[in-house]
$ cat coords.txt   # compact mmCIF, C-alpha atoms
# COMPACT_ATOMS: atom_id res chain seq x y z
CA MET S 1 28.53 -6.88 -0.79
CA PRO S 2 25.90 -4.55 -2.27
CA ILE S 3 22.64 -4.63 -0.36
CA ARG S 4 20.48 -4.29 -3.41
CA HIS S 5 21.84 -7.51 -4.87
CA ASP S 6 21.79 -9.77 -1.85
CA LEU S 7 19.09 -8.58 0.53
CA PHE S 8 16.32 -7.37 -1.72
CA PHE S 9 14.37 -8.41 -4.73
CA SER S 10 15.06 -6.49 -7.93
CA ARG S 11 13.48 -3.08 -8.33
CA ARG S 12 11.34 -4.19 -11.26
CA TRP S 13 9.35 -6.40 -8.83
CA ARG S 14 8.80 -3.76 -6.17
CA GLY S 15 5.95 -2.10 -8.03
CA VAL S 16 4.22 -5.47 -8.34
CA VAL S 17 4.57 -6.16 -4.62
CA ALA S 18 3.37 -2.72 -3.57
CA ALA S 19 0.41 -2.97 -5.94
CA VAL S 20 -0.59 -6.28 -4.35
CA LEU S 21 -0.27 -4.88 -0.83
CA LEU S 22 -2.09 -1.65 -1.52
CA GLY S 23 -4.79 -3.14 -3.71
CA ALA S 24 -8.15 -4.41 -2.57
CA LEU S 25 -7.44 -7.73 -0.88
CA GLY S 26 -10.84 -9.37 -1.20
CA VAL S 27 -10.43 -12.26 1.19
CA THR S 28 -12.60 -13.46 4.01
CA VAL S 29 -10.78 -14.37 7.20
CA THR S 30 -11.66 -15.59 10.65
CA PRO S 31 -11.19 -13.26 13.62
CA PRO S 32 -8.70 -12.76 15.80
CA PRO S 33 -5.10 -11.64 15.84
CA LEU S 34 -4.49 -7.99 15.13
CA ASP S 35 -2.66 -8.97 11.96
CA ALA S 36 -5.82 -10.53 10.55
CA HIS S 37 -8.94 -8.68 9.59
CA ALA S 38 -12.10 -9.70 11.45
CA ALA S 39 -14.94 -10.30 9.04
CA SER S 40 -18.60 -11.17 9.19
CA PRO S 41 -19.45 -14.41 7.33
CA SER S 42 -21.32 -12.56 4.60
CA ARG S 43 -18.78 -9.88 3.74
CA ASP S 44 -15.48 -9.94 1.86
CA VAL S 45 -13.03 -7.57 3.44
CA ARG S 46 -9.43 -6.40 3.31
CA THR S 47 -6.88 -7.87 5.66
CA LEU S 48 -4.71 -5.76 7.94
CA GLU S 49 -1.60 -7.78 7.28
CA SER S 50 -2.51 -10.31 4.66
CA ASN S 51 -0.76 -13.55 3.91
CA VAL S 52 0.50 -12.15 0.62
CA ASP S 53 4.01 -13.48 0.17
CA THR S 54 6.19 -10.41 -0.14
CA PRO S 55 9.96 -10.15 0.23
CA ALA S 56 9.52 -6.45 1.04
CA LEU S 57 8.70 -7.37 4.63
CA ASP S 58 11.97 -7.09 6.42
CA PRO S 59 14.80 -9.46 5.67
CA VAL S 60 17.10 -6.97 7.45
CA GLU S 61 17.64 -8.15 11.01
CA GLU S 62 21.00 -6.42 11.26
CA MET S 63 21.67 -3.04 9.75
CA PRO S 64 24.65 -3.31 7.38
CA ASP S 65 27.61 -1.00 7.88
CA LEU S 66 27.03 1.60 5.19
CA ARG S 67 30.30 3.27 6.07
CA GLU S 68 31.81 0.74 3.69
CA TYR S 69 30.38 2.83 0.86
CA ALA S 70 31.73 6.20 -0.10
CA ALA S 71 29.72 9.14 1.22
CA GLY S 72 27.60 10.58 -1.55
CA PRO S 73 25.66 8.89 -4.36
CA GLU S 74 26.90 5.36 -3.65
CA ARG S 75 25.96 5.38 0.04
CA LYS S 76 22.67 7.14 -0.68
CA THR S 77 21.75 4.46 -3.20
CA GLU S 78 22.49 1.64 -0.78
CA PHE S 79 20.52 3.33 2.00
CA LEU S 80 17.49 4.00 -0.18
CA GLU S 81 17.55 0.50 -1.68
CA LEU S 82 17.35 -0.81 1.86
CA LEU S 83 14.85 1.58 3.41
CA VAL S 84 12.31 2.58 0.78
CA PRO S 85 10.65 -0.83 0.20
CA LEU S 86 10.38 -1.35 3.95
CA VAL S 87 8.68 2.01 4.49
CA GLU S 88 6.30 1.29 1.63
CA ALA S 89 5.44 -2.12 3.11
CA GLU S 90 4.76 -0.64 6.55
CA ASN S 91 2.63 2.13 5.07
CA ALA S 92 0.71 -0.53 3.14
CA LYS S 93 -0.14 -2.31 6.39
CA ILE S 94 -1.44 0.93 7.89
CA GLN S 95 -3.44 1.68 4.74
CA ALA S 96 -5.09 -1.74 5.00
CA GLN S 97 -6.07 -0.94 8.59
CA ARG S 98 -7.46 2.40 7.47
CA ASP S 99 -9.44 0.77 4.64
CA TRP S 100 -11.01 -1.62 7.13
CA LEU S 101 -11.97 1.25 9.45
CA THR S 102 -13.49 3.22 6.58
CA ASP S 103 -15.60 0.22 5.60
CA ALA S 104 -16.58 -0.56 9.20
CA ARG S 105 -17.66 3.02 9.83
CA GLU S 106 -20.27 2.69 7.09
CA HIS S 107 -22.05 -0.09 9.00
CA GLN S 108 -20.93 0.67 12.55
CA ASP S 109 -24.41 0.03 13.95
CA SER S 110 -24.39 -3.56 12.69
CA LEU S 111 -20.85 -4.73 13.36
CA SER S 112 -20.44 -8.43 14.05
CA ASP S 113 -18.94 -9.62 17.33
CA ALA S 114 -15.71 -10.40 15.51
CA GLU S 115 -15.60 -6.91 14.02
CA ARG S 116 -16.28 -5.30 17.39
CA SER S 117 -13.44 -7.31 18.90
CA HIS S 118 -11.15 -6.25 16.12
CA LEU S 119 -12.18 -2.62 16.54
CA GLN S 120 -11.34 -2.87 20.24
CA ARG S 121 -7.86 -4.16 19.41
CA LEU S 122 -7.31 -1.19 17.13
CA CYS S 123 -8.51 1.18 19.85
CA ASP S 124 -6.09 -0.40 22.30
CA SER S 125 -3.20 -0.25 19.84
CA TYR S 126 -3.81 3.38 18.91
CA GLN S 127 -4.74 4.48 22.45
CA ILE S 128 -8.31 5.53 21.68
CA GLU S 129 -11.40 4.97 23.84
CA CYS S 130 -13.79 2.66 22.02
CA GLY S 131 -17.56 2.88 22.16
CA THR S 132 -17.95 6.65 21.86
CA SER S 133 -19.67 8.61 19.12
CA ASN S 134 -16.25 9.77 17.93
CA THR S 135 -14.39 6.47 17.98
CA PHE S 136 -14.05 6.14 14.22
CA GLU S 137 -13.17 9.80 13.77
CA TYR S 138 -10.43 9.60 16.37
CA LEU S 139 -9.08 6.31 15.05
CA LEU S 140 -8.97 7.53 11.47
CA SER S 141 -6.99 10.57 12.59
CA ARG S 142 -4.30 8.17 13.84
CA VAL S 143 -4.51 5.13 11.60
CA ASP S 144 -3.02 6.79 8.55
CA THR S 145 0.10 6.64 6.45
CA LEU S 146 2.93 9.16 6.33
CA PRO S 147 4.58 10.48 3.16
CA LEU S 148 7.46 8.30 2.04
CA GLU S 149 9.76 11.30 1.60
CA MET S 150 9.15 12.52 5.15
CA VAL S 151 9.88 9.13 6.71
CA VAL S 152 13.06 8.67 4.69
CA ILE S 153 14.31 12.20 5.33
CA GLN S 154 13.91 11.79 9.08
CA ALA S 155 15.82 8.51 8.89
CA VAL S 156 18.54 10.28 6.91
CA GLU S 157 18.89 13.04 9.49
CA GLU S 158 18.58 10.88 12.59
CA SER S 159 20.92 8.11 11.40
CA GLY S 160 23.35 9.91 9.10
CA TRP S 161 22.30 7.88 6.06
CA GLY S 162 22.27 4.75 8.21
CA THR S 163 25.80 5.13 9.59
CA SER S 164 25.14 6.14 13.20
CA ARG S 165 26.03 3.75 16.02
CA PHE S 166 22.37 3.50 17.01
CA ALA S 167 21.48 2.48 13.45
CA ARG S 168 24.33 -0.02 13.11
CA LYS S 169 24.07 -1.57 16.57
CA GLY S 170 20.37 -1.18 17.30
CA ASN S 171 18.57 -0.88 13.93
CA ASN S 172 17.37 2.49 15.25
CA LEU S 173 17.09 4.83 12.28
CA PHE S 174 14.92 7.49 13.90
CA GLY S 175 16.64 8.43 17.15
CA LEU S 176 13.92 6.78 19.22
CA ARG S 177 14.77 6.94 22.92
CA CYS S 178 13.93 4.62 25.81
CA PHE S 179 13.62 5.55 29.47
CA SER S 180 13.68 2.44 31.65
CA GLU S 181 16.84 1.74 33.59
CA GLY S 182 19.52 0.01 31.54
CA CYS S 183 17.44 -0.08 28.37
CA GLY S 184 18.75 0.08 24.83
CA LEU S 185 22.03 1.70 23.83
CA ALA S 186 23.60 4.41 25.94
CA GLN S 187 24.67 7.64 24.30
CA ARG S 188 28.32 8.23 25.02
CA GLY S 189 28.88 11.18 27.30
CA SER S 190 25.25 11.53 28.37
CA SER S 191 22.56 9.75 30.35
CA ARG S 192 20.35 9.20 27.31
CA HIS S 193 19.48 5.73 26.05
CA TYR S 194 18.14 4.79 22.62
CA GLN S 195 15.93 1.88 21.70
CA ASN S 196 17.36 -1.32 20.31
CA PHE S 197 15.21 -3.01 17.64
CA ASP S 198 15.23 -6.59 16.42
CA SER S 199 14.95 -5.45 12.82
CA VAL S 200 14.90 -2.38 10.62
CA GLN S 201 11.20 -3.01 9.97
CA ALA S 202 10.51 -2.88 13.72
CA SER S 203 12.23 0.50 13.89
CA ILE S 204 10.04 1.86 11.08
CA GLU S 205 6.90 0.46 12.70
CA ALA S 206 7.75 2.06 16.05
CA TYR S 207 8.50 5.42 14.42
CA LEU S 208 5.19 5.48 12.53
CA HIS S 209 3.25 4.43 15.62
CA ASN S 210 4.97 7.11 17.68
CA LEU S 211 3.96 9.89 15.28
CA ASN S 212 0.46 8.47 14.98
CA THR S 213 -0.19 8.29 18.72
CA HIS S 214 2.02 10.59 20.80
CA ARG S 215 0.43 13.83 21.99
CA ALA S 216 3.52 15.77 20.84
CA TYR S 217 2.52 15.16 17.23
CA LEU S 218 -1.13 16.15 17.47
CA ALA S 219 -0.50 19.15 15.17
CA MET S 220 0.97 16.83 12.56
CA ARG S 221 -2.07 14.56 12.67
CA GLN S 222 -4.43 17.54 12.49
CA THR S 223 -2.59 18.91 9.45
CA ARG S 224 -2.78 15.53 7.76
CA ALA S 225 -6.49 15.17 8.56
CA THR S 226 -7.23 18.63 7.17
CA GLN S 227 -5.50 17.80 3.91
CA ASN S 228 -7.34 14.49 3.72
CA GLU S 229 -10.68 16.22 4.25
CA LYS S 230 -9.92 18.62 1.40
CA GLY S 231 -8.97 15.72 -0.84
CA ALA S 232 -5.50 17.20 -1.17
CA PRO S 233 -2.36 15.06 -1.28
CA VAL S 234 -0.61 14.97 2.08
CA SER S 235 2.79 16.51 1.48
CA ALA S 236 5.99 15.76 3.33
CA GLU S 237 6.82 19.45 3.56
CA SER S 238 3.57 20.40 5.29
CA LEU S 239 3.99 17.70 7.94
CA ILE S 240 7.69 18.35 8.51
CA ARG S 241 6.79 21.90 9.52
CA THR S 242 4.88 20.49 12.51
CA LEU S 243 7.76 18.40 13.90
CA ASP S 244 9.38 20.96 16.19
CA SER S 245 8.77 18.61 19.15
CA TYR S 246 10.79 15.79 17.61
CA SER S 247 14.14 17.37 18.40
CA VAL S 248 15.53 19.95 20.80
CA ARG S 249 17.30 21.66 17.90
CA ASP S 250 15.80 25.06 17.09
CA ASN S 251 16.32 24.63 13.36
CA TYR S 252 15.26 20.99 13.15
CA PHE S 253 12.57 21.27 10.52
CA ASP S 254 14.69 23.70 8.50
CA VAL S 255 17.35 20.99 8.33
CA LEU S 256 14.72 18.42 7.29
CA LEU S 257 13.28 20.71 4.63
CA ALA S 258 16.75 21.32 3.18
CA LEU S 259 17.34 17.57 3.01
CA LEU S 260 13.91 17.08 1.45
CA ARG S 261 14.53 19.60 -1.30
CA THR S 262 17.88 18.02 -2.10
CA ASN S 263 16.79 14.38 -2.00
CA ALA S 264 13.04 14.13 -2.69
CA GLU S 265 13.46 13.27 -6.36
CA LEU S 266 16.07 10.62 -5.57
CA ILE S 267 13.76 9.05 -2.99
CA ARG S 268 10.93 8.91 -5.52
CA GLU S 269 13.23 7.24 -8.02
CA HIS S 270 13.65 4.38 -5.56
CA SER S 271 9.94 4.07 -4.80
CA SER S 272 7.52 1.65 -6.37
CA ASP S 273 5.38 2.80 -9.27
CA ASP S 274 2.41 3.29 -6.91
CA ALA S 275 4.32 5.82 -4.81
CA GLU S 276 6.04 7.82 -7.53
CA ASP S 277 3.40 10.53 -7.59
CA SER S 278 3.72 11.25 -3.88
CA PRO S 279 3.99 15.03 -3.41
CA ALA S 280 6.97 16.43 -1.57

$ encode --input "coords.txt" --output "structure tokens"
Amino acid sequence: MPIRHDLFFSRRWRGVVAAVLLGALGVTVTPPPLDAHAASPSRDVRTLESNVDTPALDPVEEMPDLREYAAGPERKTEFLELLVPLVEAENAKIQAQRDWLTDAREHQDSLSDAERSHLQRLCDSYQIECGTSNTFEYLLSRVDTLPLEMVVIQAVEESGWGTSRFARKGNNLFGLRCFSEGCGLAQRGSSRHYQNFDSVQASIEAYLHNLNTHRAYLAMRQTRATQNEKGAPVSAESLIRTLDSYSVRDNYFDVLLALLRTNAELIREHSSDDAEDSPA
């Protein structure tokens, strides 16, 4: 049964949903969980993960078997219909966090207790020491979105358009490994194990957090920050060129760039209106 008909809302609504998520969510909330934005009583603020009702946030608890679709345009369509709205939703959550940080930095000397508590939770999540003169700078270098095309292309390469065993059995689209004894799914013929996720959304969230925090991807974050400082769009191609630590393959980013050039336009066709101008 086609994914786009049964698991997702129609494409004409995706732009509306993304616009709601990415727009200014002027709501005041009470402190505490990380998925709520801590606010002072006198200030309207954005939420980190608002209560906006959106079907884009993962209905996919079990990756469908895309091998049922012929390799080529049909399988690509099914894969992109599944993945693109989920990546956009996860990026929207990160953007909301970044918007809060940008606002909080402007009045960092007068943060409320609730805001300070929330800032500490962000520091803990993104593995940054709070309370230093560079806290906001360091956090903003990590709390940032990644280009849609880059995320999708890595999922394509690491999961074979969603058909790998790790994707089908563990919702793992990005080849994310685990290292504790007996964890995840074992790779046949080797000692490697790969993470098992409860949902496709959880896989995307873990992938983004990995690139935004792991020391191996410092060059990627620096490249992104430099482009942000210049006011230039952050391109998938520029960040892909920094991913030589993601795989042991010598030609890894060459493979990604080839996939990007072949599929970038198709990915954009499946994106919401707000993401269509994303540079490759």

$ closest_atom_pairs --input "coords.txt" --of "range 75-135 of chain S" --to "range 255-267 of chain S" --cutoff "12 Å" --atoms "only C-alpha atoms" --output "JSON lines"
{"residue": "S:Lys76", "atom": "CA", "partner": "S:Leu266", "partner_atom": "CA", "distance": 8.9}
{"residue": "S:Thr77", "atom": "CA", "partner": "S:Leu266", "partner_atom": "CA", "distance": 8.7}
{"residue": "S:Glu78", "atom": "CA", "partner": "S:Ile267", "partner_atom": "CA", "distance": 11.7}
{"residue": "S:Phe79", "atom": "CA", "partner": "S:Ile267", "partner_atom": "CA", "distance": 10.2}
{"residue": "S:Leu80", "atom": "CA", "partner": "S:Ile267", "partner_atom": "CA", "distance": 6.9}
{"residue": "S:Glu81", "atom": "CA", "partner": "S:Ile267", "partner_atom": "CA", "distance": 9.4}
{"residue": "S:Leu82", "atom": "CA", "partner": "S:Ile267", "partner_atom": "CA", "distance": 11.6}
{"residue": "S:Leu83", "atom": "CA", "partner": "S:Ile267", "partner_atom": "CA", "distance": 9.9}
{"residue": "S:Val84", "atom": "CA", "partner": "S:Ile267", "partner_atom": "CA", "distance": 7.6}
{"residue": "S:Pro85", "atom": "CA", "partner": "S:Ile267", "partner_atom": "CA", "distance": 10.8}
{"residue": "S:Val87", "atom": "CA", "partner": "S:Ile267", "partner_atom": "CA", "distance": 11.5}
{"residue": "S:Glu88", "atom": "CA", "partner": "S:Ile267", "partner_atom": "CA", "distance": 11.7}

$ closest_residue --input "coords.txt" --among "S:Gln222, S:Glu229, S:Arg215, S:Glu158" --to "Ser245 in chain S" --atoms "only C-alpha atoms"
S:Arg215

$ residues_around --input "coords.txt" --residues "Ile240 in chain S" --least-positions-apart "3" --cutoff "7 Å" --atoms "only C-alpha atoms" --output "count of residues only"
5

$ residues_around --input "coords.txt" --residues "range 163-176 of chain S" --least-positions-apart "4" --cutoff "8 Å" --atoms "all atoms listed in the file" --output "list in words"
Glu61, Glu62, Met63, Pro64, Asp65, Leu66, Arg67, Gln154, Ala155, Val156, Glu158, Ser159, Gly184, Leu185, Tyr194, Gln195, Asn196, Phe197, Asp198, Ser199, Val200, Ser203, Ile204 and Tyr207 of chain S

$ atom_distance --input "coords.txt" --atom1 "CA of His193 in chain S" --atom2 "CA of Ser180 in chain S"
8.7 Å

$ closest_residue --input "coords.txt" --among "S:Thr102, S:Arg121, S:Glu157, S:Cys178" --to "Tyr252 in chain S" --atoms "all atoms listed in the file"
S:Glu157

$ atom_distance --input "coords.txt" --atom1 "CA of Ile153 in chain S" --atom2 "CA of Trp100 in chain S"
28.9 Å

$ closest_residue --input "coords.txt" --among "S:Val248, S:Leu139, S:Ala92, S:Ala206" --to "Leu119 in chain S" --atoms "all atoms listed in the file"
S:Leu139

$ atom_distance --input "coords.txt" --atom1 "CA of Arg142 in chain S" --atom2 "CA of Ser117 in chain S"
18.7 Å

$ closest_residue --input "coords.txt" --among "S:Thr145, S:Asn251, S:Gln120, S:Gln201" --to "Arg221 in chain S" --atoms "all atoms listed in the file"
S:Thr145

$ closest_residue --input "coords.txt" --among "S:Arg268, S:Ser141, S:Lys93, S:Tyr69" --to "Met220 in chain S" --atoms "all atoms listed in the file"
S:Ser141

$ closest_residue --input "coords.txt" --among "S:Pro147, S:Gln108, S:Arg224, S:Pro73" --to "Thr132 in chain S" --atoms "only C-alpha atoms"
S:Gln108

$ build_atoms --input "coords.txt" --residues "range 157-178 of chain S" --atoms "N, CA and C atoms" --output "PDB file, keeping the file's coordinate frame"
ATOM      1  N   GLU S 157      18.372  12.093   8.511  1.00  0.00           N
ATOM      2  CA  GLU S 157      18.890  13.040   9.490  1.00  0.00           C
ATOM      3  C   GLU S 157      19.241  12.361  10.808  1.00  0.00           C
ATOM      4  N   GLU S 158      18.373  11.477  11.275  1.00  0.00           N
ATOM      5  CA  GLU S 158      18.580  10.880  12.590  1.00  0.00           C
ATOM      6  C   GLU S 158      19.661   9.798  12.594  1.00  0.00           C
ATOM      7  N   SER S 159      19.946   9.208  11.434  1.00  0.00           N
ATOM      8  CA  SER S 159      20.920   8.110  11.400  1.00  0.00           C
ATOM      9  C   SER S 159      22.149   8.408  10.560  1.00  0.00           C
ATOM     10  N   GLY S 160      22.215   9.606   9.957  1.00  0.00           N
ATOM     11  CA  GLY S 160      23.350   9.910   9.100  1.00  0.00           C
ATOM     12  C   GLY S 160      23.466   8.960   7.925  1.00  0.00           C
ATOM     13  N   TRP S 161      22.360   8.817   7.187  1.00  0.00           N
ATOM     14  CA  TRP S 161      22.300   7.880   6.060  1.00  0.00           C
ATOM     15  C   TRP S 161      22.630   6.456   6.522  1.00  0.00           C
ATOM     16  N   GLY S 162      22.135   6.112   7.721  1.00  0.00           N
ATOM     17  CA  GLY S 162      22.270   4.750   8.210  1.00  0.00           C
ATOM     18  C   GLY S 162      23.610   4.407   8.831  1.00  0.00           C
ATOM     19  N   THR S 163      24.448   5.408   9.088  1.00  0.00           N
ATOM     20  CA  THR S 163      25.800   5.130   9.590  1.00  0.00           C
ATOM     21  C   THR S 163      25.980   5.348  11.083  1.00  0.00           C
ATOM     22  N   SER S 164      24.979   5.866  11.776  1.00  0.00           N
ATOM     23  CA  SER S 164      25.140   6.140  13.200  1.00  0.00           C
ATOM     24  C   SER S 164      25.302   4.839  13.985  1.00  0.00           C
ATOM     25  N   ARG S 165      25.865   4.932  15.175  1.00  0.00           N
ATOM     26  CA  ARG S 165      26.030   3.750  16.020  1.00  0.00           C
ATOM     27  C   ARG S 165      24.679   3.150  16.402  1.00  0.00           C
ATOM     28  N   PHE S 166      23.684   4.006  16.641  1.00  0.00           N
ATOM     29  CA  PHE S 166      22.370   3.500  17.010  1.00  0.00           C
ATOM     30  C   PHE S 166      21.718   2.754  15.849  1.00  0.00           C
ATOM     31  N   ALA S 167      21.989   3.195  14.624  1.00  0.00           N
ATOM     32  CA  ALA S 167      21.480   2.480  13.450  1.00  0.00           C
ATOM     33  C   ALA S 167      22.208   1.150  13.274  1.00  0.00           C
ATOM     34  N   ARG S 168      23.526   1.184  13.374  1.00  0.00           N
ATOM     35  CA  ARG S 168      24.330  -0.020  13.110  1.00  0.00           C
ATOM     36  C   ARG S 168      24.188  -1.068  14.203  1.00  0.00           C
ATOM     37  N   LYS S 169      24.120  -0.626  15.448  1.00  0.00           N
ATOM     38  CA  LYS S 169      24.070  -1.570  16.570  1.00  0.00           C
ATOM     39  C   LYS S 169      22.660  -1.892  17.035  1.00  0.00           C
ATOM     40  N   GLY S 170      21.714  -0.987  16.779  1.00  0.00           N
ATOM     41  CA  GLY S 170      20.370  -1.180  17.300  1.00  0.00           C
ATOM     42  C   GLY S 170      19.252  -1.092  16.279  1.00  0.00           C
ATOM     43  N   ASN S 171      19.585  -1.024  14.986  1.00  0.00           N
ATOM     44  CA  ASN S 171      18.570  -0.880  13.930  1.00  0.00           C
ATOM     45  C   ASN S 171      17.674   0.327  14.152  1.00  0.00           C
ATOM     46  N   ASN S 172      18.165   1.310  14.902  1.00  0.00           N
ATOM     47  CA  ASN S 172      17.370   2.490  15.250  1.00  0.00           C
ATOM     48  C   ASN S 172      17.712   3.627  14.292  1.00  0.00           C
ATOM     49  N   LEU S 173      16.836   3.828  13.314  1.00  0.00           N
ATOM     50  CA  LEU S 173      17.090   4.830  12.280  1.00  0.00           C
ATOM     51  C   LEU S 173      16.490   6.190  12.595  1.00  0.00           C
ATOM     52  N   PHE S 174      15.702   6.277  13.676  1.00  0.00           N
ATOM     53  CA  PHE S 174      14.920   7.490  13.900  1.00  0.00           C
ATOM     54  C   PHE S 174      15.215   8.162  15.241  1.00  0.00           C
ATOM     55  N   GLY S 175      16.291   7.797  15.888  1.00  0.00           N
ATOM     56  CA  GLY S 175      16.640   8.430  17.150  1.00  0.00           C
ATOM     57  C   GLY S 175      15.618   8.223  18.241  1.00  0.00           C
ATOM     58  N   LEU S 176      14.981   7.056  18.252  1.00  0.00           N
ATOM     59  CA  LEU S 176      13.920   6.780  19.220  1.00  0.00           C
ATOM     60  C   LEU S 176      14.541   6.397  20.562  1.00  0.00           C
ATOM     61  N   ARG S 177      14.177   7.145  21.607  1.00  0.00           N
ATOM     62  CA  ARG S 177      14.770   6.940  22.920  1.00  0.00           C
ATOM     63  C   ARG S 177      13.972   5.934  23.754  1.00  0.00           C
ATOM     64  N   CYS S 178      14.616   5.429  24.809  1.00  0.00           N
ATOM     65  CA  CYS S 178      13.930   4.620  25.810  1.00  0.00           C
ATOM     66  C   CYS S 178      14.301   5.153  27.181  1.00  0.00           C
TER      67      CYS S 178
END
